[in-house]
>>> print(open('input.pdb').read())   # PDB, C-alpha atoms
ATOM      1  CA  MET P 160       5.804 -33.832  65.464  1.00  0.00           C
ATOM      2  CA  THR P 161       2.188 -32.824  65.202  1.00  0.00           C
ATOM      3  CA  PRO P 162       1.015 -29.384  64.020  1.00  0.00           C
ATOM      4  CA  ARG P 163      -0.162 -28.600  67.581  1.00  0.00           C
ATOM      5  CA  GLU P 164       3.309 -28.873  69.089  1.00  0.00           C
ATOM      6  CA  PRO P 165       5.035 -25.511  69.532  1.00  0.00           C
ATOM      7  CA  ALA P 166       7.661 -24.183  67.180  1.00  0.00           C
ATOM      8  CA  PRO P 167      11.199 -24.245  68.588  1.00  0.00           C
ATOM      9  CA  ARG P 168      12.235 -21.128  70.518  1.00  0.00           C
ATOM     10  CA  THR P 169      15.911 -21.940  71.078  1.00  0.00           C
ATOM     11  CA  TYR P 170      18.731 -23.684  69.225  1.00  0.00           C
ATOM     12  CA  HIS P 171      18.518 -26.626  71.630  1.00  0.00           C
ATOM     13  CA  GLU P 172      14.773 -27.089  71.048  1.00  0.00           C
ATOM     14  CA  ALA P 173      15.356 -26.892  67.291  1.00  0.00           C
ATOM     15  CA  LEU P 174      18.204 -29.411  67.565  1.00  0.00           C
ATOM     16  CA  THR P 175      15.947 -31.779  69.511  1.00  0.00           C
ATOM     17  CA  TYR P 176      13.261 -31.599  66.807  1.00  0.00           C
ATOM     18  CA  TRP P 177      15.971 -31.999  64.143  1.00  0.00           C
ATOM     19  CA  THR P 178      17.503 -35.055  65.852  1.00  0.00           C
ATOM     20  CA  VAL P 179      14.145 -36.762  66.478  1.00  0.00           C
ATOM     21  CA  GLY P 180      13.171 -36.211  62.823  1.00  0.00           C
ATOM     22  CA  GLN P 181      16.305 -37.895  61.486  1.00  0.00           C
ATOM     23  CA  PRO P 182      16.416 -41.555  60.437  1.00  0.00           C
ATOM     24  CA  ARG P 183      18.425 -44.097  62.411  1.00  0.00           C
ATOM     25  CA  ARG P 184      22.179 -44.445  61.995  1.00  0.00           C
ATOM     26  CA  GLY P 185      23.539 -45.737  58.738  1.00  0.00           C
ATOM     27  CA  THR P 186      21.071 -43.888  56.529  1.00  0.00           C
ATOM     28  CA  VAL P 187      21.289 -40.563  54.739  1.00  0.00           C
ATOM     29  CA  ARG P 188      20.453 -37.475  56.785  1.00  0.00           C
ATOM     30  CA  ARG P 189      17.207 -35.753  55.803  1.00  0.00           C
ATOM     31  CA  PRO P 190      17.630 -32.214  54.513  1.00  0.00           C
ATOM     32  CA  ALA P 191      14.451 -31.000  56.250  1.00  0.00           C
ATOM     33  CA  VAL P 192      12.167 -32.008  59.109  1.00  0.00           C
ATOM     34  CA  ALA P 193       8.469 -31.033  59.065  1.00  0.00           C
ATOM     35  CA  LEU P 194       7.180 -29.035  62.041  1.00  0.00           C
ATOM     36  CA  GLY P 195       3.492 -28.803  61.258  1.00  0.00           C
ATOM     37  CA  PRO P 196       3.159 -25.825  58.893  1.00  0.00           C
ATOM     38  CA  TYR P 197       6.894 -25.076  59.182  1.00  0.00           C
ATOM     39  CA  THR P 198      10.007 -26.885  58.046  1.00  0.00           C
ATOM     40  CA  LEU P 199      13.228 -27.132  60.047  1.00  0.00           C
ATOM     41  CA  VAL P 200      16.356 -27.127  57.876  1.00  0.00           C
ATOM     42  CA  ALA P 201      20.065 -27.436  58.683  1.00  0.00           C
ATOM     43  CA  LEU P 202      21.991 -24.695  56.885  1.00  0.00           C
ATOM     44  CA  ASP P 203      25.337 -26.498  57.008  1.00  0.00           C
ATOM     45  CA  ASP P 204      26.740 -30.033  57.009  1.00  0.00           C
ATOM     46  CA  ALA P 205      28.261 -29.929  60.496  1.00  0.00           C
ATOM     47  CA  THR P 206      27.160 -32.458  63.103  1.00  0.00           C
ATOM     48  CA  PRO P 207      25.382 -31.030  64.995  1.00  0.00           C
ATOM     49  CA  PRO P 208      24.490 -28.206  62.601  1.00  0.00           C
ATOM     50  CA  GLU P 209      25.864 -24.737  63.377  1.00  0.00           C
ATOM     51  CA  ARG P 210      22.631 -23.109  62.136  1.00  0.00           C
ATOM     52  CA  LEU P 211      19.060 -24.418  61.994  1.00  0.00           C
ATOM     53  CA  ALA P 212      16.415 -22.448  60.085  1.00  0.00           C
ATOM     54  CA  VAL P 213      12.635 -22.472  60.400  1.00  0.00           C
ATOM     55  CA  ARG P 214      11.086 -22.058  56.959  1.00  0.00           C
ATOM     56  CA  LEU P 215       7.567 -21.344  55.852  1.00  0.00           C
ATOM     57  CA  GLY P 216       7.349 -22.793  52.368  1.00  0.00           C
ATOM     58  CA  ALA P 217      10.709 -21.983  50.776  1.00  0.00           C
ATOM     59  CA  THR P 218      11.301 -18.818  52.826  1.00  0.00           C
ATOM     60  CA  PRO P 219      13.710 -19.051  55.781  1.00  0.00           C
ATOM     61  CA  LEU P 220      12.302 -16.826  58.546  1.00  0.00           C
ATOM     62  CA  VAL P 221      14.170 -17.683  61.755  1.00  0.00           C
ATOM     63  CA  VAL P 222      17.758 -18.926  62.085  1.00  0.00           C
ATOM     64  CA  PHE P 223      18.878 -20.463  65.381  1.00  0.00           C
ATOM     65  CA  TRP P 224      22.659 -20.335  65.897  1.00  0.00           C
ATOM     66  CA  ARG P 225      24.477 -22.893  68.054  1.00  0.00           C
ATOM     67  CA  HIS P 226      25.933 -20.117  70.250  1.00  0.00           C
ATOM     68  CA  GLY P 227      22.398 -18.948  71.149  1.00  0.00           C
ATOM     69  CA  SER P 228      21.676 -16.064  68.765  1.00  0.00           C
ATOM     70  CA  VAL P 229      18.422 -15.886  66.776  1.00  0.00           C
ATOM     71  CA  SER P 230      18.371 -14.113  63.382  1.00  0.00           C
ATOM     72  CA  LEU P 231      15.086 -13.006  61.808  1.00  0.00           C
ATOM     73  CA  TYR P 232      14.185 -12.538  58.148  1.00  0.00           C
ATOM     74  CA  GLY P 233      10.940 -11.064  56.842  1.00  0.00           C
ATOM     75  CA  GLY P 234      10.327 -12.748  53.522  1.00  0.00           C
ATOM     76  CA  SER P 235       7.399 -10.966  51.853  1.00  0.00           C
ATOM     77  CA  ARG P 236       6.283  -9.375  55.152  1.00  0.00           C
ATOM     78  CA  THR P 237       2.947 -11.214  55.258  1.00  0.00           C
ATOM     79  CA  ARG P 238       0.807 -11.853  58.332  1.00  0.00           C
ATOM     80  CA  THR P 239       1.517 -15.583  58.040  1.00  0.00           C
ATOM     81  CA  GLU P 240       5.271 -14.982  58.058  1.00  0.00           C
ATOM     82  CA  ARG P 241       4.977 -12.656  61.040  1.00  0.00           C
ATOM     83  CA  THR P 242       2.940 -15.297  62.896  1.00  0.00           C
ATOM     84  CA  ALA P 243       5.594 -17.924  62.120  1.00  0.00           C
ATOM     85  CA  ILE P 244       8.384 -15.669  63.406  1.00  0.00           C
ATOM     86  CA  ASN P 245       6.443 -14.877  66.576  1.00  0.00           C
ATOM     87  CA  ALA P 246       5.868 -18.597  67.191  1.00  0.00           C
ATOM     88  CA  CYS P 247       9.657 -18.957  67.462  1.00  0.00           C
ATOM     89  CA  LEU P 248      10.212 -16.083  69.903  1.00  0.00           C
ATOM     90  CA  HIS P 249      10.012 -16.150  73.697  1.00  0.00           C
ATOM     91  CA  TYR P 250       7.292 -14.353  75.641  1.00  0.00           C
ATOM     92  CA  GLY P 251       7.918 -10.607  75.735  1.00  0.00           C
ATOM     93  CA  ARG P 252       9.425 -10.650  72.245  1.00  0.00           C
ATOM     94  CA  GLY P 253       7.603 -10.347  68.964  1.00  0.00           C
ATOM     95  CA  VAL P 254       7.335  -8.751  65.559  1.00  0.00           C
ATOM     96  CA  ARG P 255       4.498  -6.252  65.235  1.00  0.00           C
ATOM     97  CA  ARG P 256       3.110  -4.212  62.349  1.00  0.00           C
ATOM     98  CA  LYS P 257       2.469  -0.481  62.373  1.00  0.00           C
ATOM     99  CA  PRO P 258      -0.658   0.879  60.625  1.00  0.00           C
ATOM    100  CA  ASP P 259       1.571   2.055  57.750  1.00  0.00           C
ATOM    101  CA  GLY P 260       2.740  -1.552  57.170  1.00  0.00           C
ATOM    102  CA  GLN P 261       6.228  -1.248  58.656  1.00  0.00           C
ATOM    103  CA  TRP P 262       7.382  -4.088  60.900  1.00  0.00           C
ATOM    104  CA  TYR P 263       9.183  -3.574  64.202  1.00  0.00           C
ATOM    105  CA  LEU P 264      10.663  -5.915  66.803  1.00  0.00           C
ATOM    106  CA  VAL P 265       9.467  -5.638  70.393  1.00  0.00           C
ATOM    107  CA  ILE P 266      11.596  -6.945  73.233  1.00  0.00           C
ATOM    108  CA  ASN P 267       9.831  -6.326  76.535  1.00  0.00           C
ATOM    109  CA  ASP P 268       8.984  -2.621  76.157  1.00  0.00           C
ATOM    110  CA  ALA P 269      11.739  -1.654  73.699  1.00  0.00           C
ATOM    111  CA  HIS P 270      10.909  -1.223  69.990  1.00  0.00           C
ATOM    112  CA  PHE P 271      13.415  -1.733  67.141  1.00  0.00           C
ATOM    113  CA  PRO P 272      12.851  -1.210  63.393  1.00  0.00           C
ATOM    114  CA  PHE P 273      12.704  -4.631  61.702  1.00  0.00           C
ATOM    115  CA  ALA P 274      15.333  -5.402  59.065  1.00  0.00           C
ATOM    116  CA  ASP P 275      16.298  -8.690  57.420  1.00  0.00           C
ATOM    117  CA  GLY P 276      19.052 -10.284  59.440  1.00  0.00           C
ATOM    118  CA  ILE P 277      18.203  -8.528  62.707  1.00  0.00           C
ATOM    119  CA  THR P 278      19.768 -10.724  65.395  1.00  0.00           C
ATOM    120  CA  ILE P 279      18.880 -11.178  69.041  1.00  0.00           C
ATOM    121  CA  GLU P 280      22.056 -12.120  70.921  1.00  0.00           C
ATOM    122  CA  PRO P 281      21.951 -14.501  73.926  1.00  0.00           C
ATOM    123  CA  GLY P 282      22.158 -11.605  76.406  1.00  0.00           C
ATOM    124  CA  GLY P 283      19.282  -9.767  74.687  1.00  0.00           C
ATOM    125  CA  ALA P 284      21.392  -7.295  72.694  1.00  0.00           C
ATOM    126  CA  ILE P 285      20.168  -6.482  69.178  1.00  0.00           C
ATOM    127  CA  ARG P 286      22.490  -6.550  66.182  1.00  0.00           C
ATOM    128  CA  VAL P 287      21.443  -5.252  62.772  1.00  0.00           C
ATOM    129  CA  LEU P 288      23.508  -5.966  59.666  1.00  0.00           C
ATOM    130  CA  PRO P 289      24.521  -3.013  57.498  1.00  0.00           C
ATOM    131  CA  GLN P 290      22.210  -2.568  54.500  1.00  0.00           C
ATOM    132  CA  GLU P 291      24.805  -3.841  51.992  1.00  0.00           C
ATOM    133  CA  ASP P 292      25.337  -7.102  53.963  1.00  0.00           C
ATOM    134  CA  ARG P 293      21.681  -8.083  54.482  1.00  0.00           C
ATOM    135  CA  HIS P 294      21.149  -9.832  51.160  1.00  0.00           C
ATOM    136  CA  ALA P 295      24.574 -11.491  51.131  1.00  0.00           C
ATOM    137  CA  ASN P 296      23.989 -13.028  54.569  1.00  0.00           C
ATOM    138  CA  ARG P 297      20.408 -14.184  53.970  1.00  0.00           C
ATOM    139  CA  PRO P 298      20.113 -17.981  54.265  1.00  0.00           C
ATOM    140  CA  GLU P 299      19.456 -19.858  51.042  1.00  0.00           C
ATOM    141  CA  SER P 300      15.882 -20.975  50.413  1.00  0.00           C
TER     142      SER P 300
END
>>> encode(input="input.pdb", output="structure tokens")
Amino acid sequence: MTPREPAPRTYHEALTYWTVGQPRRGTVRRPAVALGPYTLVALDDATPPERLAVRLGATPLVVFWRHGSVSLYGGSRTRTERTAINACLHYGRGVRRKPDGQWYLVINDAHFPFADGITIEPGGAIRVLPQEDRHANRPES
């Protein structure tokens, strides 16, 4: 995949990139597949993986779930990380920054405070983990 190709926006796109980046049968599966400036990583050993994460460096930013959900993580809350997250979201969705530095998620015209682990369900519903569960459920770097 070349750096000009788009980042995956769904689990199935991520799985396609993951599958194409794997070696032929009979060899060891690669732990990560390069996607230009990003890296696509399987977060489990299932075949096909239950969760695929888009990382920037060592920081997992977007997790695609097999059932269609997308979970977002902010890392250090830099512009580069926000750009990477937005590259993985469909049109009408995005992470924006307020003048005071706080991030928020926009879905069409609705605004939601950004929190690590915020999840967009397949039907468009938003799920936010309780504060005490956010760190425990963060994908490993």
>>> resolve_selection(input="input.pdb", expression="the PyMOL selection byres ((chain P and resi 166-179) around 7)", output="VMD selection string")
chain P and resid 164 to 165 180 to 181 192 199 211 223 to 225 227 246 to 249
>>> residues_around(input="input.pdb", residues="stretch 239-244 of chain P", least_positions_apart="4", cutoff="9 Å", atoms="only C-alpha atoms", output="PDB file with C-alpha atoms, in the frame of the given file")
ATOM      1  CA  ALA P 166       7.661 -24.183  67.180  1.00  0.00           C
ATOM      2  CA  PRO P 196       3.159 -25.825  58.893  1.00  0.00           C
ATOM      3  CA  TYR P 197       6.894 -25.076  59.182  1.00  0.00           C
ATOM      4  CA  VAL P 213      12.635 -22.472  60.400  1.00  0.00           C
ATOM      5  CA  ARG P 214      11.086 -22.058  56.959  1.00  0.00           C
ATOM      6  CA  LEU P 215       7.567 -21.344  55.852  1.00  0.00           C
ATOM      7  CA  THR P 218      11.301 -18.818  52.826  1.00  0.00           C
ATOM      8  CA  LEU P 220      12.302 -16.826  58.546  1.00  0.00           C
ATOM      9  CA  VAL P 221      14.170 -17.683  61.755  1.00  0.00           C
ATOM     10  CA  LEU P 231      15.086 -13.006  61.808  1.00  0.00           C
ATOM     11  CA  TYR P 232      14.185 -12.538  58.148  1.00  0.00           C
ATOM     12  CA  GLY P 233      10.940 -11.064  56.842  1.00  0.00           C
ATOM     13  CA  GLY P 234      10.327 -12.748  53.522  1.00  0.00           C
ATOM     14  CA  SER P 235       7.399 -10.966  51.853  1.00  0.00           C
ATOM     15  CA  LEU P 248      10.212 -16.083  69.903  1.00  0.00           C
ATOM     16  CA  GLY P 253       7.603 -10.347  68.964  1.00  0.00           C
ATOM     17  CA  VAL P 254       7.335  -8.751  65.559  1.00  0.00           C
ATOM     18  CA  ARG P 255       4.498  -6.252  65.235  1.00  0.00           C
ATOM     19  CA  ARG P 256       3.110  -4.212  62.349  1.00  0.00           C
ATOM     20  CA  TRP P 262       7.382  -4.088  60.900  1.00  0.00           C
TER      21      TRP P 262
END
>>> closest_residue(input="input.pdb", among="P:Leu264, P:Val229, P:Ala201, P:Ala269", to="P:Pro281", atoms="all atoms listed in the file")
P:Val229
>>> closest_residue(input="input.pdb", among="P:Asp259, P:Ala191, P:Ser228, P:Gly282", to="P:Arg210", atoms="all atoms listed in the file")
P:Ser228
>>> atom_distance(input="input.pdb", atom1="atom CA of P:Ala284", atom2="atom CA of P:Ile266")
9.8 Å
>>> closest_residue(input="input.pdb", among="P:Arg236, P:Ala193, P:Glu209, P:Val265", to="P:Gly283", atoms="all atoms listed in the file")
P:Val265
>>> atom_distance(input="input.pdb", atom1="atom CA of P:Ala212", atom2="atom CA of P:Thr198")
8.1 Å
>>> resolve_selection(input="input.pdb", expression="the PyMOL selection byres ((chain P and resi 287) around 6)", output="PyMOL selection string")
chain P and resi 277+286+288
>>> closest_residue(input="input.pdb", among="P:Gly251, P:Pro272, P:Pro258, P:Gly195", to="P:Gly216", atoms="only C-alpha atoms")
P:Gly195
>>> atom_distance(input="input.pdb", atom1="atom CA of P:Gly276", atom2="atom CA of P:Pro208")
19.0 Å
